[in-house]
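Student: Data: start-v4.cif, mmCIF, C-alpha atoms.
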```
data_input
loop_
_atom_site.label_atom_id
_atom_site.label_comp_id
_atom_site.auth_asym_id
_atom_site.auth_seq_id
_atom_site.Cartn_x
_atom_site.Cartn_y
_atom_site.Cartn_z
CA MET N 244 30.70 -47.74 122.96
CA LYS N 245 32.09 -48.66 119.56
CA LYS N 246 35.57 -47.36 118.82
CA VAL N 247 37.83 -46.49 115.87
CA LEU N 248 41.41 -47.21 116.89
CA ILE N 249 44.14 -44.90 115.53
CA ALA N 250 47.64 -46.31 115.12
CA LEU N 251 50.12 -43.49 115.74
CA ASP N 252 53.91 -43.38 115.62
CA SER N 253 56.54 -40.65 115.28
CA ASN N 254 55.65 -39.91 111.65
CA PRO N 255 54.45 -36.31 111.11
CA ALA N 256 51.72 -37.66 108.80
CA GLY N 257 49.93 -38.79 111.95
CA ARG N 258 47.77 -35.66 111.83
CA SER N 259 46.21 -36.86 108.58
CA VAL N 260 45.55 -40.27 110.12
CA VAL N 261 43.84 -38.70 113.14
CA GLY N 262 41.72 -36.38 111.00
CA SER N 263 40.59 -39.21 108.73
CA ALA N 264 39.84 -41.48 111.69
CA LEU N 265 37.66 -38.79 113.26
CA ALA N 266 35.67 -38.53 110.02
CA LEU N 267 35.20 -42.31 109.91
CA ALA N 268 34.17 -42.43 113.55
CA GLU N 269 31.55 -39.76 112.91
CA LEU N 270 30.19 -41.82 110.02
CA LEU N 271 30.03 -45.01 112.10
CA GLY N 272 28.77 -43.40 115.31
CA ALA N 273 31.91 -44.41 117.19
CA GLU N 274 34.46 -42.91 119.56
CA VAL N 275 38.19 -42.72 118.81
CA GLU N 276 41.34 -43.70 120.67
CA ALA N 277 44.97 -43.29 119.62
CA LEU N 278 47.43 -46.10 120.29
CA ASN N 279 51.21 -45.89 120.10
CA VAL N 280 53.48 -48.93 120.26
CA GLU N 281 56.74 -47.52 121.56
CA VAL N 282 59.74 -47.92 119.28
CA ASP N 283 61.56 -44.61 119.48
CA GLY N 284 59.48 -42.94 122.15
CA SER N 285 55.89 -41.72 122.18
CA ARG N 286 56.35 -37.94 122.41
CA THR N 287 55.37 -37.12 118.79
CA ALA N 288 52.42 -39.50 118.78
CA ARG N 289 51.17 -38.20 122.13
CA LYS N 290 51.43 -34.59 120.96
CA THR N 291 49.51 -35.39 117.76
CA ALA N 292 46.69 -36.96 119.77
CA GLU N 293 46.61 -34.13 122.30
CA LEU N 294 46.34 -31.46 119.62
CA ALA N 295 43.31 -33.25 118.20
CA GLY N 296 41.76 -33.86 121.62
CA VAL N 297 41.94 -37.62 121.15
CA PRO N 298 42.44 -40.07 124.07
CA PHE N 299 45.90 -41.61 123.92
CA ARG N 300 47.67 -44.65 125.29
CA SER N 301 51.07 -46.17 124.72
CA VAL N 302 52.09 -49.82 124.98
CA ALA N 303 55.31 -51.78 124.63
CA GLY N 304 56.07 -54.83 122.54
CA PRO N 305 56.17 -55.95 118.90
CA VAL N 306 54.41 -53.27 116.84
CA VAL N 307 52.27 -55.39 114.52
CA GLU N 308 51.29 -57.86 117.22
CA ARG N 309 50.20 -55.10 119.61
CA LEU N 310 48.21 -53.24 116.98
CA VAL N 311 46.41 -56.38 115.82
CA GLU N 312 45.77 -57.40 119.42
CA ALA N 313 44.24 -54.01 120.23
CA GLY N 314 42.23 -54.00 117.01
CA GLU N 315 40.70 -57.37 117.84
CA ALA N 316 38.94 -55.95 120.91
CA ASP N 317 35.18 -56.44 120.68
CA ASN N 318 34.40 -52.72 120.80
CA VAL N 319 36.80 -51.78 117.96
CA VAL N 320 34.93 -51.45 114.66
CA ALA N 321 37.84 -50.19 112.55
CA LEU N 322 41.52 -49.29 112.73
CA ALA N 323 43.13 -46.26 111.03
CA ILE N 324 46.79 -46.33 110.04
CA GLY N 325 49.18 -44.39 107.79
CA ALA N 326 49.86 -45.98 104.42
CA ARG N 327 53.63 -45.43 104.44
CA GLY N 328 56.27 -42.98 105.59
CA THR N 329 56.53 -40.74 102.52
CA ALA N 330 54.38 -39.82 99.54
CA ALA N 331 57.29 -40.59 97.19
CA ALA N 332 57.42 -44.29 98.12
CA ARG N 333 56.13 -46.32 95.15
CA ARG N 334 54.54 -49.17 97.04
CA PRO N 335 50.97 -49.78 98.14
CA LEU N 336 51.69 -50.01 101.88
CA GLY N 337 54.55 -49.80 104.32
CA SER N 338 55.49 -53.02 106.08
CA THR N 339 53.59 -52.26 109.30
CA ALA N 340 50.40 -51.14 107.56
CA ALA N 341 50.51 -54.14 105.22
CA ALA N 342 50.97 -56.60 108.08
CA VAL N 343 48.14 -55.09 110.13
CA ALA N 344 45.73 -54.84 107.20
CA THR N 345 46.28 -58.45 106.12
CA ARG N 346 46.00 -59.89 109.65
CA LEU N 347 43.24 -57.88 111.31
CA LEU N 348 39.75 -59.14 110.44
CA LYS N 349 38.26 -55.65 110.75
CA PRO N 350 37.91 -52.70 108.35
CA VAL N 351 41.23 -50.84 108.10
CA LEU N 352 41.37 -47.18 107.03
CA ILE N 353 44.56 -46.58 105.05
CA VAL N 354 45.60 -42.91 105.03
CA PRO N 355 48.19 -41.68 102.48
CA PRO N 356 50.92 -39.42 103.91
CA ASP N 357 49.84 -36.51 101.70
CA ALA N 358 46.11 -36.84 102.40
CA VAL N 359 44.21 -33.70 103.37
CA PRO N 360 41.55 -35.10 105.69
CA SER N 361 38.00 -33.92 105.30
CA PRO N 362 36.14 -32.91 108.51
CA ALA N 363 33.48 -35.42 107.46
CA PHE N 364 33.24 -38.09 104.81
CA GLN N 365 30.51 -36.84 102.49
CA ARG N 366 31.20 -38.64 99.22
CA VAL N 367 32.57 -42.16 98.93
CA LEU N 368 33.66 -43.99 95.78
CA VAL N 369 32.86 -47.71 95.63
CA PRO N 370 34.23 -49.66 92.64
CA LEU N 371 31.96 -52.39 91.25
CA GLU N 372 33.50 -55.07 89.07
CA GLY N 373 30.22 -56.34 87.74
CA THR N 374 30.02 -59.96 88.86
CA VAL N 375 28.33 -61.19 92.00
CA SER N 376 31.32 -63.29 93.02
CA THR N 377 33.99 -60.63 92.50
CA SER N 378 32.20 -57.39 93.33
CA LEU N 379 34.45 -55.04 95.30
CA ALA N 380 31.51 -53.24 96.91
CA PRO N 381 31.33 -53.36 100.71
CA ARG N 382 27.63 -53.74 101.39
CA ALA N 383 27.86 -51.72 104.60
CA ILE N 384 28.79 -48.55 102.70
CA PHE N 385 25.56 -48.74 100.72
CA GLU N 386 23.61 -49.37 103.91
CA LEU N 387 25.16 -46.27 105.46
CA ALA N 388 23.84 -44.16 102.59
CA ASP N 389 20.27 -44.81 103.72
CA SER N 390 20.69 -43.14 107.10
CA ALA N 391 23.76 -40.92 106.88
CA GLU N 392 24.34 -37.80 104.84
CA LEU N 393 26.60 -39.76 102.52
CA ASP N 394 26.81 -39.47 98.76
CA VAL N 395 27.78 -42.89 97.40
CA LEU N 396 29.27 -43.03 93.94
CA ALA N 397 29.59 -46.49 92.39
CA LEU N 398 32.22 -46.90 89.67
CA HIS N 399 32.20 -49.55 86.97
CA VAL N 400 35.06 -49.65 84.46
CA HIS N 401 34.54 -51.30 81.07
CA ASP N 402 37.32 -52.73 79.00
CA GLN N 403 37.04 -52.36 75.24
CA SER N 404 35.28 -55.73 74.87
CA SER N 405 32.64 -55.15 77.54
CA ILE N 406 31.17 -51.78 76.49
CA PRO N 407 27.38 -52.21 76.20
CA ALA N 408 25.96 -51.77 72.69
CA PHE N 409 23.18 -49.20 72.46
CA THR N 410 20.84 -48.56 69.52
CA ASP N 411 19.19 -45.34 68.39
CA GLN N 412 18.25 -44.11 71.88
CA PRO N 413 21.48 -44.34 73.91
CA GLN N 414 20.38 -41.72 76.44
CA HIS N 415 17.48 -43.96 77.55
CA GLU N 416 19.26 -47.27 77.20
CA GLN N 417 22.29 -46.07 79.19
CA ALA N 418 19.98 -45.08 82.08
CA ALA N 419 18.18 -48.42 81.93
CA TRP N 420 21.49 -50.30 81.83
CA ALA N 421 22.76 -48.35 84.87
CA ASP N 422 19.59 -49.10 86.83
CA GLU N 423 19.85 -52.80 86.01
CA PHE N 424 23.56 -52.88 86.88
CA LEU N 425 22.98 -51.35 90.33
CA HIS N 426 19.95 -53.58 90.93
CA ARG N 427 22.07 -56.65 90.23
CA TYR N 428 25.39 -55.77 91.89
CA ALA N 429 24.46 -53.19 94.56
CA PRO N 430 20.79 -53.75 95.43
CA TRP N 431 21.26 -52.39 98.96
CA GLY N 432 21.83 -48.86 97.72
CA LEU N 433 18.99 -48.47 95.24
CA GLY N 434 17.76 -44.89 95.23
CA THR N 435 20.79 -43.56 97.10
CA VAL N 436 23.67 -44.41 94.76
CA ARG N 437 24.89 -42.87 91.50
CA LEU N 438 26.75 -44.93 88.93
CA GLU N 439 29.80 -43.63 87.04
CA THR N 440 31.27 -45.60 84.15
CA ARG N 441 34.68 -45.36 82.50
CA VAL N 442 36.68 -47.32 79.91
CA GLY N 443 40.19 -48.50 80.71
CA ARG N 444 42.05 -50.24 83.55
CA ILE N 445 40.18 -50.08 86.84
CA GLY N 446 43.29 -49.97 89.04
CA GLU N 447 44.50 -46.84 87.25
CA LEU N 448 41.08 -45.19 87.04
CA VAL N 449 39.82 -45.55 90.62
CA PRO N 450 42.13 -42.90 92.18
CA GLY N 451 41.63 -40.57 89.21
CA VAL N 452 37.84 -40.74 89.40
CA ALA N 453 38.03 -40.15 93.15
CA ASP N 454 39.93 -36.92 92.45
CA GLN N 455 37.66 -35.83 89.58
CA CYS N 456 34.49 -36.39 91.60
CA ASP N 457 35.82 -34.83 94.83
CA CYS N 458 35.46 -38.04 96.83
CA ASP N 459 36.59 -38.04 100.47
CA LEU N 460 36.95 -41.81 100.70
CA ILE N 461 37.40 -44.93 98.56
CA ALA N 462 35.85 -48.14 99.92
CA LEU N 463 37.10 -51.52 98.72
CA GLY N 464 36.12 -55.01 99.74
CA TRP N 465 39.09 -57.37 99.68
CA SER N 466 40.32 -60.83 100.61
CA GLN N 467 43.33 -59.55 102.64
CA GLU N 468 45.89 -60.75 100.10
CA LEU N 469 48.73 -58.46 98.99
CA SER N 470 51.20 -61.03 97.70
CA PRO N 471 52.55 -60.58 94.14
CA GLY N 472 49.85 -61.24 91.57
CA ARG N 473 47.01 -60.85 94.07
CA ALA N 474 44.61 -57.93 94.62
CA PRO N 475 45.92 -55.81 91.71
CA ILE N 476 43.07 -53.28 92.01
CA VAL N 477 43.68 -52.80 95.72
CA ARG N 478 47.44 -52.49 95.19
CA GLU N 479 47.15 -49.92 92.40
CA THR N 480 44.55 -47.92 94.29
CA LEU N 481 46.75 -47.75 97.39
CA GLU N 482 49.78 -46.75 95.33
CA ARG N 483 48.02 -43.88 93.57
CA SER N 484 45.26 -42.64 95.87
CA ARG N 485 45.54 -39.27 97.57
CA CYS N 486 42.44 -39.84 99.69
CA PRO N 487 41.92 -42.43 102.44
CA VAL N 488 41.01 -45.98 101.41
CA LEU N 489 38.77 -48.13 103.59
CA LEU N 490 39.68 -51.82 103.16
CA VAL N 491 36.78 -54.01 104.27
CA PRO N 492 37.52 -57.74 104.56
CA VAL N 493 34.75 -59.54 102.72
CA LEU N 494 34.06 -61.81 105.68
CA VAL N 495 33.32 -58.94 108.08
CA ASP N 496 31.34 -56.61 105.84
CA ALA N 497 28.12 -57.73 107.51
CA GLY N 498 29.63 -56.95 110.91
CA LEU N 499 30.29 -53.33 109.94
CA GLU N 500 26.69 -53.05 108.75
CA GLU N 501 25.42 -54.50 112.04
CA SER N 502 27.56 -52.04 114.01
CA HIS N 503 26.01 -49.08 112.20
CA GLN N 504 22.49 -50.47 112.64
CA THR N 505 23.13 -50.79 116.38
CA HIS N 506 24.20 -47.13 116.45
CA ASP N 507 21.00 -46.16 114.61
CA ALA N 508 18.90 -48.01 117.17
CA ARG N 509 20.56 -46.05 120.00
CA THR N 510 20.13 -42.67 118.33
#
```
Represent the structure of the file as structure tokens.
Tutor:
Amino acid sequence: MKKVLIALDSNPAGRSVVGSALALAELLGAEVEALNVEVDGSRTARKTAELAGVPFRSVAGPVVERLVEAGEADNVVALAIGARGTAAARRPLGSTAAAVATRLLKPVLIVPPDAVPSPAFQRVLVPLEGTVSTSLAPRAIFELADSAELDVLALHVHDQSSIPAFTDQPQHEQAAWADEFLHRYAPWGLGTVRLETRVGRIGELVPGVADQCDCDLIALGWSQELSPGRAPIVRETLERSRCPVLLVPVLVDAGLEESHQTHDART
């Protein structure tokens, strides 16, 4: 059975991580398991898992190495981890979450410490940059929309120089432009995806649109780079988002899709 692995420590925000992981597991047709790498004991982590009715195990050793090792198991389809210790920290990820997310070649669900987990992910925001080579859209999320009760909202942000010019019938031309945009950059989700457009800086707008549109999840494809000057959209989204962010390495997006299709075949 496929599994979503939950990284738990002594942080009280672990309840949000567990709740978000359960919602992701439901979406992917997977089971869950909580894992604690002992640093200052496992009592808090164990209690968090027990209260949620989640299987729990504890291991010893270097934290990042043990989490990555466990996440690499063949039956693990994703790993959920807290973004950082406190909501006040102005950084995209804590050191452990950053190290795991950049090393594990699996989708990683990043849960902010102040997130209020939804019982189920019903609406997901997927930013689209608008070029085939740099699109941030994880294909698997669009595939999920075909078979799950999932409302997928694609977001494209124009800068001032890229706003399309419309003539005397903007209401029709805007609809035609949106259809063409989705056909070109998200063809997998045709008929199941709505397109939202904004003007401004995408890194600033993604979390705000997620709030405005009551999204439960933001999904971003990425190249697993968080060094200075790299992945600015991912960094800004993680700094500002109050809802969980699913980071999908671009090389394993097809694997997540295959996992869900296997679940569909069983059910």
Student: Nearest to Leu368 in chain N among N:Leu310, N:Leu396, N:Ala418, N:Leu251, with distances taken over only C-alpha atoms: which residue is it?
Tutor: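 That would be N:Leu396, the residue with the smallest distance to Leu368 in chain N.
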Student: The PyMOL selection byres ((chain N and resi 287) around 8) - which residues does that actually catch in the file I just gave you? List them as a compact mmCIF listing (two decimals) with C-alpha atoms, in the frame of the given file.
Tutor:
```txt
# COMPACT_ATOMS: atom_id res chain seq x y z
CA ASP N 252 53.91 -43.38 115.62
CA SER N 253 56.54 -40.65 115.28
CA ASN N 254 55.65 -39.91 111.65
CA PRO N 255 54.45 -36.31 111.11
CA GLY N 284 59.48 -42.94 122.15
CA SER N 285 55.89 -41.72 122.18
CA ARG N 286 56.35 -37.94 122.41
CA ALA N 288 52.42 -39.50 118.78
CA ARG N 289 51.17 -38.20 122.13
CA LYS N 290 51.43 -34.59 120.96
CA THR N 291 49.51 -35.39 117.76
```
Student: Give the answer as one residue: which of N:Ile353, N:Leu460, N:Val442, N:Val400 has the shortest atom-to-atom distance to Ile384 in chain N, using only C-alpha atoms?
Tutor: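 Ranked by minimum distance to Ile384 in chain N, first place goes to N:Leu460.
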Student: Under the PyMOL selection byres ((chain N and resi 343) around 12), which residues of this model are included? Write them out as a ChimeraX atom specification.
Tutor: /N:250,305-315,321-326,336-342,344-353,467-469,490
Student: May I have the residues within 8 Å of Glu274 in chain N as a CSV table (one decimal) with C-alpha atoms, keeping the file's coordinate frame, using only C-alpha atoms and disregarding those fewer than 5 positions away in the same chain?
Tutor:
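File produced: out39.csv:
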```
chain,number,residue,atom,x,y,z
N,244,MET,CA,30.7,-47.7,123.0
N,245,LYS,CA,32.1,-48.7,119.6
N,246,LYS,CA,35.6,-47.4,118.8
N,247,VAL,CA,37.8,-46.5,115.9
N,268,ALA,CA,34.2,-42.4,113.6
N,269,GLU,CA,31.6,-39.8,112.9
```
Student: Once the PyMOL selection byres ((chain N and resi 461) around 8) has been applied to the shown file, what residues remain in the selection, as a short mmCIF file (atom, residue, chain, number, x, y, z; two decimals) with C-alpha atoms, in the frame of the given file?
Tutor:
```cif
data_model
loop_
_atom_site.label_atom_id
_atom_site.label_comp_id
_atom_site.auth_asym_id
_atom_site.auth_seq_id
_atom_site.Cartn_x
_atom_site.Cartn_y
_atom_site.Cartn_z
CA VAL N 367 32.57 -42.16 98.93
CA LEU N 368 33.66 -43.99 95.78
CA VAL N 369 32.86 -47.71 95.63
CA ALA N 453 38.03 -40.15 93.15
CA CYS N 458 35.46 -38.04 96.83
CA ASP N 459 36.59 -38.04 100.47
CA LEU N 460 36.95 -41.81 100.70
CA ALA N 462 35.85 -48.14 99.92
CA LEU N 463 37.10 -51.52 98.72
CA CYS N 486 42.44 -39.84 99.69
CA PRO N 487 41.92 -42.43 102.44
CA VAL N 488 41.01 -45.98 101.41
CA LEU N 489 38.77 -48.13 103.59
#
```
Student: Please measure the separation of CA of Val280 in chain N and CA of Glu479 in chain N, giving the value in Å to one decimal.
Tutor: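 For CA of Val280 in chain N relative to CA of Glu479 in chain N, the distance reads 28.6 Å.
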Student: Please report the interatomic distance between CA of Val297 in chain N and CA of Ser484 in chain N in Å with one decimal.
Tutor: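 Atom-to-atom, CA of Val297 in chain N and CA of Ser484 in chain N are spaced 26.0 Å apart.
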Student: Work out how far apart CA of Gln455 in chain N and CA of Glu439 in chain N are and give it in Å to one decimal.
Tutor: 11.4 Å
Student: Of the candidates N:Arg300, N:Arg444, N:Arg366, N:Arg485, which shows the shortest atom-to-atom distance to Ile249 in chain N, using all atoms listed in the file?
Tutor: N:Arg300
Student: So, with only C-alpha atoms as the atoms that count, which of N:Pro370, N:Pro356, N:Pro335, N:Pro362 lies closest to Leu265 in chain N?
Tutor: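 Using only C-alpha atoms, Leu265 in chain N sits closest to N:Pro362.
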